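The data block below is upload32.pdb; it holds PDB, C-alpha atoms.
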```pdb
ATOM      1  CA  MET A   1       4.873  31.762   3.298
ATOM      2  CA  LYS A   2       6.475  29.547   0.683
ATOM      3  CA  ILE A   3       5.784  25.848   0.119
ATOM      4  CA  TYR A   4       7.687  23.486  -2.128
ATOM      5  CA  VAL A   5       5.572  20.744  -3.717
ATOM      6  CA  THR A   6       7.578  17.821  -5.074
ATOM      7  CA  ARG A   7       5.108  16.732  -7.779
ATOM      8  CA  LYS A   8       2.033  17.731  -9.711
ATOM      9  CA  ILE A   9      -0.900  17.144  -7.363
ATOM     10  CA  PRO A  10      -4.712  17.203  -7.713
ATOM     11  CA  GLU A  11      -6.246  20.661  -7.755
ATOM     12  CA  PRO A  12      -8.221  20.477  -4.456
ATOM     13  CA  GLY A  13      -5.025  20.596  -2.386
ATOM     14  CA  VAL A  14      -3.505  23.336  -4.534
ATOM     15  CA  LYS A  15      -6.599  25.493  -4.150
ATOM     16  CA  LEU A  16      -6.678  25.120  -0.362
ATOM     17  CA  MET A  17      -3.101  26.323   0.025
ATOM     18  CA  ARG A  18      -3.357  29.134  -2.513
ATOM     19  CA  ASP A  19      -6.579  30.382  -0.904
ATOM     20  CA  LYS A  20      -4.520  30.827   2.269
ATOM     21  CA  GLY A  21      -2.135  33.054   0.342
ATOM     22  CA  TYR A  22       0.794  30.660   0.283
ATOM     23  CA  GLN A  23       3.297  30.784  -2.571
ATOM     24  CA  LEU A  24       3.602  27.349  -4.164
ATOM     25  CA  ASP A  25       6.592  26.178  -6.176
ATOM     26  CA  PHE A  26       6.371  22.805  -7.906
ATOM     27  CA  TRP A  27       8.522  20.119  -9.404
ATOM     28  CA  ASP A  28       6.320  20.363 -12.476
ATOM     29  CA  SER A  29       6.178  16.707 -13.461
ATOM     30  CA  ASP A  30       4.234  13.543 -12.781
ATOM     31  CA  GLU A  31       7.577  11.799 -12.283
ATOM     32  CA  ALA A  32       9.484  11.777  -8.996
ATOM     33  CA  ILE A  33      11.935  14.595  -8.410
ATOM     34  CA  PRO A  34      15.570  13.394  -8.379
ATOM     35  CA  HIS A  35      17.032  13.593  -4.897
ATOM     36  CA  ASN A  36      19.822  15.981  -5.940
ATOM     37  CA  GLU A  37      17.254  18.342  -7.473
ATOM     38  CA  LEU A  38      15.199  18.290  -4.288
ATOM     39  CA  VAL A  39      18.278  19.141  -2.217
ATOM     40  CA  LYS A  40      19.187  21.959  -4.600
ATOM     41  CA  ASN A  41      15.669  23.405  -4.666
ATOM     42  CA  MET A  42      15.230  23.298  -0.890
ATOM     43  CA  LYS A  43      18.142  25.733  -0.570
ATOM     44  CA  LYS A  44      15.709  28.444  -1.722
ATOM     45  CA  LYS A  45      14.344  28.372   1.847
ATOM     46  CA  TYR A  46      10.757  27.213   2.138
ATOM     47  CA  ASP A  47       8.447  27.216   5.138
ATOM     48  CA  GLY A  48       6.778  23.978   4.103
ATOM     49  CA  LEU A  49       7.685  20.851   2.150
ATOM     50  CA  TYR A  50       4.753  18.998   0.557
ATOM     51  CA  CYS A  51       6.180  15.641  -0.507
ATOM     52  CA  MET A  52       5.333  12.164  -1.810
ATOM     53  CA  LEU A  53       6.026   8.599  -0.744
ATOM     54  CA  THR A  54       8.777   8.414  -3.379
ATOM     55  CA  ASP A  55      10.765  11.340  -1.933
ATOM     56  CA  ASN A  56      13.582  10.515   0.458
ATOM     57  CA  ILE A  57      13.349  13.279   3.064
ATOM     58  CA  ASP A  58      16.709  12.693   4.671
ATOM     59  CA  LYS A  59      19.343  14.725   6.484
ATOM     60  CA  ALA A  60      20.665  16.222   3.239
ATOM     61  CA  VAL A  61      17.234  17.607   2.311
ATOM     62  CA  LEU A  62      16.632  19.001   5.780
ATOM     63  CA  GLU A  63      20.071  20.594   5.996
ATOM     64  CA  ALA A  64      19.505  22.266   2.626
ATOM     65  CA  ALA A  65      16.140  23.586   3.815
ATOM     66  CA  GLY A  66      17.639  25.228   6.877
ATOM     67  CA  SER A  67      15.908  26.603   9.948
ATOM     68  CA  GLN A  68      13.097  28.253   7.948
ATOM     69  CA  LEU A  69      11.425  24.881   7.286
ATOM     70  CA  LYS A  70       8.549  24.355   9.730
ATOM     71  CA  ALA A  71       6.426  21.635   8.118
ATOM     72  CA  VAL A  72       6.892  18.388   6.178
ATOM     73  CA  CYS A  73       3.608  16.976   4.918
ATOM     74  CA  THR A  74       3.471  13.821   2.850
ATOM     75  CA  MET A  75       0.617  13.046   0.454
ATOM     76  CA  SER A  76       0.594   9.433   1.596
ATOM     77  CA  VAL A  77      -0.396   7.242   4.503
ATOM     78  CA  GLY A  78       3.034   5.615   4.601
ATOM     79  CA  TYR A  79       5.881   7.656   6.049
ATOM     80  CA  GLU A  80       8.885   5.341   5.844
ATOM     81  CA  HIS A  81      10.504   7.876   3.500
ATOM     82  CA  LEU A  82      10.619  10.530   6.229
ATOM     83  CA  ASN A  83      13.614  10.627   8.568
ATOM     84  CA  LEU A  84      11.509  11.448  11.606
ATOM     85  CA  GLU A  85      14.502  11.510  13.947
ATOM     86  CA  GLU A  86      16.180  14.269  11.924
ATOM     87  CA  ILE A  87      12.868  16.074  11.415
ATOM     88  CA  LYS A  88      12.052  16.193  15.122
ATOM     89  CA  LYS A  89      15.621  17.136  16.011
ATOM     90  CA  ARG A  90      15.069  20.328  14.011
ATOM     91  CA  ASN A  91      11.668  21.063  15.645
ATOM     92  CA  ILE A  92       9.911  20.521  12.325
ATOM     93  CA  VAL A  93       6.374  19.098  12.434
ATOM     94  CA  ALA A  94       5.642  16.181  10.099
ATOM     95  CA  ALA A  95       2.248  14.810   9.096
ATOM     96  CA  ASN A  96       0.791  12.096   6.896
ATOM     97  CA  CYS A  97      -2.632  11.356   5.411
ATOM     98  CA  SER A  98      -3.759   9.066   8.216
ATOM     99  CA  THR A  99      -7.371  10.242   7.975
ATOM    100  CA  VAL A 100      -7.875   9.405   4.289
ATOM    101  CA  SER A 101     -10.531   6.783   3.579
ATOM    102  CA  SER A 102      -9.150   3.298   3.002
ATOM    103  CA  ASP A 103     -12.189   2.067   1.066
ATOM    104  CA  CYS A 104     -10.332   2.194  -2.255
ATOM    105  CA  VAL A 105      -7.595  -0.148  -0.999
ATOM    106  CA  SER A 106     -10.125  -2.543   0.558
ATOM    107  CA  GLU A 107     -12.045  -2.640  -2.732
ATOM    108  CA  PHE A 108      -8.845  -3.316  -4.632
ATOM    109  CA  ALA A 109      -7.876  -6.168  -2.300
ATOM    110  CA  LEU A 110     -11.246  -7.778  -2.919
ATOM    111  CA  GLY A 111     -10.660  -7.359  -6.652
ATOM    112  CA  LEU A 112      -7.327  -9.179  -6.386
ATOM    113  CA  ILE A 113      -8.959 -12.005  -4.448
ATOM    114  CA  LEU A 114     -11.595 -12.485  -7.146
ATOM    115  CA  ILE A 115      -9.058 -12.220  -9.974
ATOM    116  CA  MET A 116      -6.952 -14.981  -8.423
ATOM    117  CA  ALA A 117      -9.844 -17.158  -7.283
ATOM    118  CA  ARG A 118     -11.535 -17.159 -10.693
ATOM    119  CA  ARG A 119      -8.344 -16.990 -12.796
ATOM    120  CA  LEU A 120      -9.553 -13.926 -14.673
ATOM    121  CA  ILE A 121      -6.147 -12.889 -16.013
ATOM    122  CA  GLU A 122      -5.507 -16.369 -17.400
ATOM    123  CA  GLY A 123      -8.919 -16.372 -19.044
ATOM    124  CA  TYR A 124      -8.371 -12.943 -20.568
ATOM    125  CA  GLU A 125      -4.968 -13.952 -21.910
ATOM    126  CA  ALA A 126      -6.357 -17.214 -23.315
ATOM    127  CA  VAL A 127      -8.880 -15.245 -25.365
ATOM    128  CA  LYS A 128      -6.192 -12.847 -26.622
ATOM    129  CA  LYS A 129      -3.946 -15.764 -27.600
ATOM    130  CA  LYS A 130      -6.872 -17.449 -29.433
ATOM    131  CA  GLU A 131      -6.736 -20.447 -27.114
ATOM    132  CA  TRP A 132     -10.474 -20.288 -26.424
ATOM    133  CA  GLY A 133     -12.065 -23.350 -27.994
ATOM    134  CA  PRO A 134     -15.106 -25.533 -27.383
ATOM    135  CA  TRP A 135     -16.277 -25.795 -23.773
ATOM    136  CA  LYS A 136     -14.123 -28.033 -21.556
ATOM    137  CA  PRO A 137     -15.307 -29.265 -18.154
ATOM    138  CA  MET A 138     -11.835 -29.067 -16.578
ATOM    139  CA  TRP A 139     -10.450 -25.869 -18.160
ATOM    140  CA  LEU A 140      -9.442 -22.833 -16.026
ATOM    141  CA  LEU A 141     -11.118 -24.072 -12.883
ATOM    142  CA  GLY A 142     -10.834 -21.671  -9.968
ATOM    143  CA  PHE A 143     -12.449 -21.667  -6.537
ATOM    144  CA  GLU A 144     -15.433 -19.980  -4.889
ATOM    145  CA  LEU A 145     -15.223 -17.889  -1.730
ATOM    146  CA  ILE A 146     -18.377 -19.340  -0.228
ATOM    147  CA  GLY A 147     -17.495 -21.616   2.688
ATOM    148  CA  LYS A 148     -13.827 -20.605   2.687
ATOM    149  CA  THR A 149     -11.686 -19.382   5.590
ATOM    150  CA  ILE A 150     -10.257 -15.929   4.978
ATOM    151  CA  GLY A 151      -7.332 -14.494   6.939
ATOM    152  CA  ILE A 152      -6.301 -10.889   7.413
ATOM    153  CA  VAL A 153      -2.945  -9.726   8.758
ATOM    154  CA  GLY A 154      -3.550  -6.285  10.258
ATOM    155  CA  LEU A 155      -7.159  -5.459  11.148
ATOM    156  CA  GLY A 156      -6.727  -1.696  10.824
ATOM    157  CA  ARG A 157      -8.869   0.474   8.574
ATOM    158  CA  ILE A 158      -7.911  -1.402   5.412
ATOM    159  CA  GLY A 159      -8.139  -4.833   7.031
ATOM    160  CA  PHE A 160     -11.519  -3.963   8.518
ATOM    161  CA  GLY A 161     -12.725  -2.831   5.094
ATOM    162  CA  ILE A 162     -11.589  -6.095   3.536
ATOM    163  CA  ALA A 163     -13.396  -7.992   6.279
ATOM    164  CA  GLU A 164     -16.641  -6.109   5.625
ATOM    165  CA  ARG A 165     -16.478  -6.964   1.944
ATOM    166  CA  VAL A 166     -15.515 -10.641   2.100
ATOM    167  CA  ASN A 167     -18.300 -11.317   4.595
ATOM    168  CA  ALA A 168     -20.775 -10.683   1.774
ATOM    169  CA  PHE A 169     -19.490 -13.838   0.031
ATOM    170  CA  LYS A 170     -20.864 -16.217   2.677
ATOM    171  CA  ILE A 171     -17.423 -17.288   3.853
ATOM    172  CA  SER A 172     -17.082 -19.894   6.602
ATOM    173  CA  LYS A 173     -14.648 -18.105   8.925
ATOM    174  CA  LEU A 174     -12.795 -14.827   9.139
ATOM    175  CA  LEU A 175      -9.528 -14.991  11.085
ATOM    176  CA  TYR A 176      -7.065 -12.207  11.767
ATOM    177  CA  PHE A 177      -3.647 -11.688  13.294
ATOM    178  CA  ASP A 178      -2.449  -8.378  14.718
ATOM    179  CA  VAL A 179      -0.176  -7.081  17.475
ATOM    180  CA  ARG A 180      -3.137  -7.359  19.824
ATOM    181  CA  ARG A 181      -6.824  -8.161  19.723
ATOM    182  CA  CYS A 182      -8.937  -5.360  18.237
ATOM    183  CA  SER A 183     -11.978  -4.298  20.257
ATOM    184  CA  TYR A 184     -14.096  -4.000  17.108
ATOM    185  CA  ASP A 185     -13.360  -7.456  15.667
ATOM    186  CA  LYS A 186     -16.839  -8.764  16.463
ATOM    187  CA  ASP A 187     -18.335  -6.080  14.213
ATOM    188  CA  VAL A 188     -17.087  -8.146  11.265
ATOM    189  CA  ASN A 189     -17.271 -11.570  12.949
ATOM    190  CA  ALA A 190     -13.483 -11.823  12.960
ATOM    191  CA  GLU A 191     -11.601 -14.157  15.289
ATOM    192  CA  PHE A 192      -8.222 -13.166  16.730
ATOM    193  CA  VAL A 193      -5.770 -16.043  16.280
ATOM    194  CA  THR A 194      -2.057 -16.777  16.372
ATOM    195  CA  PHE A 195      -0.051 -16.257  13.218
ATOM    196  CA  ASP A 196       0.591 -20.002  12.923
ATOM    197  CA  ARG A 197      -3.106 -20.820  13.089
ATOM    198  CA  LEU A 198      -3.902 -18.187  10.490
ATOM    199  CA  LEU A 199      -1.303 -19.704   8.168
ATOM    200  CA  ALA A 200      -2.569 -23.246   8.661
ATOM    201  CA  ASP A 201      -6.318 -22.639   8.421
ATOM    202  CA  CYS A 202      -6.823 -19.980   5.756
ATOM    203  CA  ASP A 203      -7.655 -20.458   2.102
ATOM    204  CA  VAL A 204      -6.945 -16.796   1.340
ATOM    205  CA  ILE A 205      -4.650 -14.520   3.359
ATOM    206  CA  CYS A 206      -4.718 -10.741   2.880
ATOM    207  CA  ILE A 207      -1.805  -8.628   4.127
ATOM    208  CA  SER A 208      -2.869  -5.109   5.124
ATOM    209  CA  CYS A 209      -0.430  -4.290   7.923
ATOM    210  CA  ASN A 210       2.356  -1.733   8.213
ATOM    211  CA  LEU A 211       6.020  -2.577   7.751
ATOM    212  CA  THR A 212       7.753  -2.771  11.131
ATOM    213  CA  ASN A 213      10.674  -4.674  12.607
ATOM    214  CA  GLU A 214       8.157  -7.324  13.658
ATOM    215  CA  THR A 215       6.435  -7.663  10.272
ATOM    216  CA  LYS A 216       9.553  -7.482   8.068
ATOM    217  CA  ASP A 217       9.784 -10.744   6.067
ATOM    218  CA  MET A 218       7.124 -12.389   8.242
ATOM    219  CA  PHE A 219       5.915 -14.238   5.146
ATOM    220  CA  ASN A 220       9.017 -16.309   4.514
ATOM    221  CA  LYS A 221       9.968 -19.894   3.703
ATOM    222  CA  ALA A 222       8.864 -21.139   7.124
ATOM    223  CA  ALA A 223       5.517 -19.333   6.884
ATOM    224  CA  PHE A 224       4.763 -20.619   3.377
ATOM    225  CA  ALA A 225       5.510 -24.176   4.516
ATOM    226  CA  LYS A 226       2.722 -23.858   7.101
ATOM    227  CA  MET A 227       0.114 -22.650   4.587
ATOM    228  CA  LYS A 228      -2.277 -24.826   2.618
ATOM    229  CA  ARG A 229      -0.986 -25.932  -0.784
ATOM    230  CA  THR A 230      -4.192 -24.453  -2.204
ATOM    231  CA  ALA A 231      -3.730 -21.102  -0.406
ATOM    232  CA  CYS A 232      -3.802 -17.697  -2.076
ATOM    233  CA  LEU A 233      -1.768 -14.762  -0.736
ATOM    234  CA  ILE A 234      -2.777 -11.119  -1.332
ATOM    235  CA  ASN A 235      -0.559  -8.171  -0.352
ATOM    236  CA  VAL A 236      -1.887  -4.599  -0.294
ATOM    237  CA  GLY A 237       0.128  -3.654   2.800
ATOM    238  CA  ARG A 238       3.876  -3.190   2.358
ATOM    239  CA  GLY A 239       6.242  -5.071   0.082
ATOM    240  CA  GLY A 240       8.763  -5.783   2.826
ATOM    241  CA  VAL A 241       6.293  -7.930   4.776
ATOM    242  CA  VAL A 242       6.871 -10.678   2.192
ATOM    243  CA  ASN A 243      10.252 -12.250   1.532
ATOM    244  CA  GLN A 244       9.998 -12.145  -2.241
ATOM    245  CA  ASP A 245      12.705 -14.755  -2.949
ATOM    246  CA  ASP A 246      10.920 -17.195  -0.658
ATOM    247  CA  LEU A 247       7.566 -16.373  -2.255
ATOM    248  CA  SER A 248       8.916 -16.997  -5.735
ATOM    249  CA  LYS A 249      10.263 -20.395  -4.696
ATOM    250  CA  ALA A 250       7.048 -21.294  -2.848
ATOM    251  CA  LEU A 251       4.960 -20.570  -5.954
ATOM    252  CA  ASN A 252       7.304 -22.259  -8.412
ATOM    253  CA  ASP A 253       7.550 -25.356  -6.172
ATOM    254  CA  ASP A 254       3.743 -25.485  -5.596
ATOM    255  CA  VAL A 255       4.121 -24.921  -1.847
ATOM    256  CA  ILE A 256       1.190 -22.491  -2.131
ATOM    257  CA  LYS A 257      -1.200 -22.055  -5.040
ATOM    258  CA  CYS A 258      -1.123 -18.392  -6.062
ATOM    259  CA  ALA A 259      -0.434 -14.804  -5.010
ATOM    260  CA  ALA A 260      -1.200 -11.232  -6.015
ATOM    261  CA  LEU A 261       0.931  -8.257  -4.998
ATOM    262  CA  ASP A 262       0.169  -4.563  -5.306
ATOM    263  CA  VAL A 263       3.258  -3.660  -3.266
ATOM    264  CA  THR A 264       6.806  -4.879  -3.761
ATOM    265  CA  GLU A 265      10.328  -4.341  -2.461
ATOM    266  CA  PRO A 266      11.650  -2.292  -4.172
ATOM    267  CA  ASP A 267       8.750  -0.307  -5.529
ATOM    268  CA  PRO A 268       8.723  -0.116  -8.528
ATOM    269  CA  LEU A 269      10.032  -3.600  -9.191
ATOM    270  CA  PRO A 270      12.798  -3.724 -11.847
ATOM    271  CA  SER A 271      11.622  -5.205 -15.152
ATOM    272  CA  ASP A 272      14.196  -8.011 -14.927
ATOM    273  CA  HIS A 273      13.277  -9.031 -11.373
ATOM    274  CA  PRO A 274      12.731 -12.817 -10.909
ATOM    275  CA  LEU A 275       9.221 -12.228  -9.569
ATOM    276  CA  HIS A 276       8.086 -11.310 -13.069
ATOM    277  CA  SER A 277       8.748 -14.876 -14.229
ATOM    278  CA  THR A 278       7.193 -16.570 -11.188
ATOM    279  CA  LYS A 279       4.199 -18.752 -11.969
ATOM    280  CA  ASN A 280       0.711 -18.202 -10.550
ATOM    281  CA  LEU A 281       1.592 -14.647  -9.538
ATOM    282  CA  ILE A 282       0.214 -11.317 -10.669
ATOM    283  CA  ILE A 283       1.776  -7.974  -9.777
ATOM    284  CA  THR A 284      -0.051  -4.656 -10.052
ATOM    285  CA  PRO A 285       1.862  -1.338  -9.971
ATOM    286  CA  HIS A 286       0.891  -0.072  -6.501
ATOM    287  CA  ILE A 287      -2.489   1.243  -7.662
ATOM    288  CA  ALA A 288      -4.769   0.195  -4.795
ATOM    289  CA  SER A 289      -5.394   3.848  -3.902
ATOM    290  CA  SER A 290      -5.482   5.056  -7.513
ATOM    291  CA  THR A 291      -8.940   6.578  -7.715
ATOM    292  CA  TRP A 292      -9.931  10.184  -8.328
ATOM    293  CA  GLU A 293     -11.779  10.191  -5.028
ATOM    294  CA  ALA A 294      -8.780   8.970  -3.040
ATOM    295  CA  ARG A 295      -6.191  11.187  -4.739
ATOM    296  CA  ASN A 296      -8.323  14.322  -4.366
ATOM    297  CA  ALA A 297      -8.887  13.499  -0.707
ATOM    298  CA  MET A 298      -5.172  12.864  -0.133
ATOM    299  CA  SER A 299      -4.213  16.187  -1.707
ATOM    300  CA  GLU A 300      -6.713  17.968   0.541
ATOM    301  CA  VAL A 301      -5.645  16.172   3.718
ATOM    302  CA  ALA A 302      -1.952  16.929   3.110
ATOM    303  CA  ALA A 303      -2.828  20.553   2.325
ATOM    304  CA  ASN A 304      -4.903  20.890   5.492
ATOM    305  CA  ASN A 305      -2.040  19.385   7.480
ATOM    306  CA  MET A 306       0.289  22.001   5.981
ATOM    307  CA  ILE A 307      -2.136  24.840   6.735
ATOM    308  CA  ALA A 308      -2.553  23.674  10.329
ATOM    309  CA  ILE A 309       1.189  23.478  10.992
ATOM    310  CA  LEU A 310       1.977  26.844   9.417
ATOM    311  CA  SER A 311      -0.884  28.331  11.449
ATOM    312  CA  GLY A 312       0.632  27.037  14.690
ATOM    313  CA  LYS A 313      -1.900  24.215  15.151
ATOM    314  CA  ASP A 314      -1.588  20.444  15.384
ATOM    315  CA  PRO A 315      -2.354  18.672  12.081
ATOM    316  CA  ALA A 316      -4.742  15.727  11.944
ATOM    317  CA  GLY A 317      -1.955  13.423  10.761
ATOM    318  CA  LYS A 318       0.807  14.521  13.117
ATOM    319  CA  LEU A 319       3.652  11.992  13.290
TER     320      LEU A 319
END
```
Starting from the file, give its structure as structure tokens.
Amino acid sequence: MKIYVTRKIPEPGVKLMRDKGYQLDFWDSDEAIPHNELVKNMKKKYDGLYCMLTDNIDKAVLEAAGSQLKAVCTMSVGYEHLNLEEIKKRNIVAANCSTVSSDCVSEFALGLILIMARRLIEGYEAVKKKEWGPWKPMWLLGFELIGKTIGIVGLGRIGFGIAERVNAFKISKLLYFDVRRCSYDKDVNAEFVTFDRLLADCDVICISCNLTNETKDMFNKAAFAKMKRTACLINVGRGGVVNQDDLSKALNDDVIKCAALDVTEPDPLPSDHPLHSTKNLIITPHIASSTWEARNAMSEVAANNMIAILSGKDPAGKL
């Protein structure tokens, strides 16, 4: 069987598929394959398509692949780039990396909280710019997490991991909002509240939910107006959950204090985008899951999904 892989991937996944005797053809680059190249290459008739979050697996790709294509496996947790309606219409099985550990993203979210709370980037830049002078009692004052109220939007695996970590900082309260109450919330002393209460009460709010019709632009002008002026917003979920124009205005007008984003809309964010000139905001290039451990695991999970489908079995991450 033949599998097309749309990017260079970590060796563990490659080895798994080759050990099964599959022929692997690659887009041999660390950069995303252009859509027209993917369409052209899929005409060579593959049994499996091993893709990335950056690949638009649309009707054109699937039509080029033809009836031989049996599996579409993405090396990502997110699957917004897959046209599941067209995939299922063709009796193709799709799978994502839903079983990959989320610890790396939870760790990263905690890192963003600490960076913003203690103004680490500003301090680093002050040293580089030679602005560091004699000690000043009022210079670069941040805030401590102890005694603060922390909010989490989406208490899934990532949100739960964030909750576990922030509890170590002797916070006062941990609130969360989700589509429904989670049965395991007491394991991290989290209280299920309305979205409005979360906005009003929290000193730090972490977004770790999926992008859905309900969560699209949920952090907008009206939401920011309900938050504390001293509040900090962290997004490691999906860029579309935050209305970025409204966020930029809220930060520039001191409606909220600060924000840190690892996800944006679009992703990557153009270099001339207004967010880059917004005050009290840092943007990281979608690297919350960028660890060797996570990438190796993702390559293996996607490969095992592919092997399962081509062997006539249900994959762990079936969509």
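Between CA of Lys216 (chain A) and CA of Arg197 (chain A) there is a distance of 19.1 Å.
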Quick one: apply the PyMOL selection byres ((chain A and resi 38) around 12) to the file and drop the selected residues here as a ChimeraX atom specification. /A:4-7,25-27,32-37,39-46,49-52,54-58,60-65
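Separating CA of Gly240 (chain A) from CA of Met218 (chain A) is a distance of 8.7 Å.
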Rank nothing, just name the residue among A:Pro12, A:Gly239, A:Gly317, A:Pro266 nearest to Ala95 (chain A), using all atoms listed in the file.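 Between A:Pro12, A:Gly239, A:Gly317, A:Pro266, the residue approaching Ala95 (chain A) most closely is A:Gly317.
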Among A:Thr230, A:Ser208, A:Asn305, A:Thr194, Met17 (chain A) is approached most closely, using only C-alpha atoms, by A:Asn305
Any chance you could tabulate, as CSV, the residues of region 89-167 of chain A at most 8 Å from region 275-288 of chain A with each one's nearest atom pair and distance in Å to one decimal, using only C-alpha atoms, in chain and rising number order?
```
residue,atom,partner,partner_atom,distance
A:Cys104,CA,A:Ala288,CA,6.4
A:Val105,CA,A:Ala288,CA,4.7
A:Phe108,CA,A:Ala288,CA,5.4
A:Ala109,CA,A:Ala288,CA,7.5
```
Closest to Gly147 (chain A) among A:Lys20, A:Ser289, A:Lys8, A:Ile171, using only C-alpha atoms? A:Ile171
Counting all atoms listed in the file, closest pick from A:Asp262, A:Glu131, A:Glu164, A:Glu86 relative to Val188 (chain A) is A:Glu164
Who sits within 8 Å of Ser106 (chain A), all atoms listed in the file, same chain under 2 positions skipped, as a list in words: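 Result of the neighbour search: Ser102, Asp103, Cys104, Phe108, Ala109, Leu110, Ile158, Gly159, Gly161, Ile162 and Arg165 of chain A.
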May I ask which of the residues A:Ala231, A:Ser101, A:Leu310, A:Phe160 is the closest one to Met1 (chain A), counting only C-alpha atoms? A:Leu310
Explicit residues for the PyMOL selection byres ((chain A and resi 234) around 10) (as a short mmCIF file (atom, residue, chain, number, x, y, z; two decimals) with C-alpha atoms, in the coordinates of the input):
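Result went into expr10.cif, see below:
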```cif
data_model
loop_
_atom_site.label_atom_id
_atom_site.label_comp_id
_atom_site.auth_asym_id
_atom_site.auth_seq_id
_atom_site.Cartn_x
_atom_site.Cartn_y
_atom_site.Cartn_z
CA ALA A 109 -7.88 -6.17 -2.30
CA LEU A 110 -11.25 -7.78 -2.92
CA LEU A 112 -7.33 -9.18 -6.39
CA ILE A 113 -8.96 -12.00 -4.45
CA MET A 116 -6.95 -14.98 -8.42
CA ILE A 152 -6.30 -10.89 7.41
CA VAL A 204 -6.94 -16.80 1.34
CA ILE A 205 -4.65 -14.52 3.36
CA CYS A 206 -4.72 -10.74 2.88
CA ILE A 207 -1.80 -8.63 4.13
CA SER A 208 -2.87 -5.11 5.12
CA CYS A 232 -3.80 -17.70 -2.08
CA LEU A 233 -1.77 -14.76 -0.74
CA ASN A 235 -0.56 -8.17 -0.35
CA VAL A 236 -1.89 -4.60 -0.29
CA GLY A 237 0.13 -3.65 2.80
CA CYS A 258 -1.12 -18.39 -6.06
CA ALA A 259 -0.43 -14.80 -5.01
CA ALA A 260 -1.20 -11.23 -6.02
CA LEU A 261 0.93 -8.26 -5.00
CA ASP A 262 0.17 -4.56 -5.31
CA VAL A 263 3.26 -3.66 -3.27
CA LEU A 281 1.59 -14.65 -9.54
CA ILE A 282 0.21 -11.32 -10.67
#
```
Spatial neighbours of Ala223 (chain A), max dist 12 Å, all atoms listed in the file, sep filter under 3 positions, as a ChimeraX atom specification: /A:195-200,205,217-220,226-228,231,233,241-243,246-247,250,255-256
In Å, rounded to a single decimal, give me how far CA of Thr212 (chain A) is from CA of Arg90 (chain A). 24.4 Å
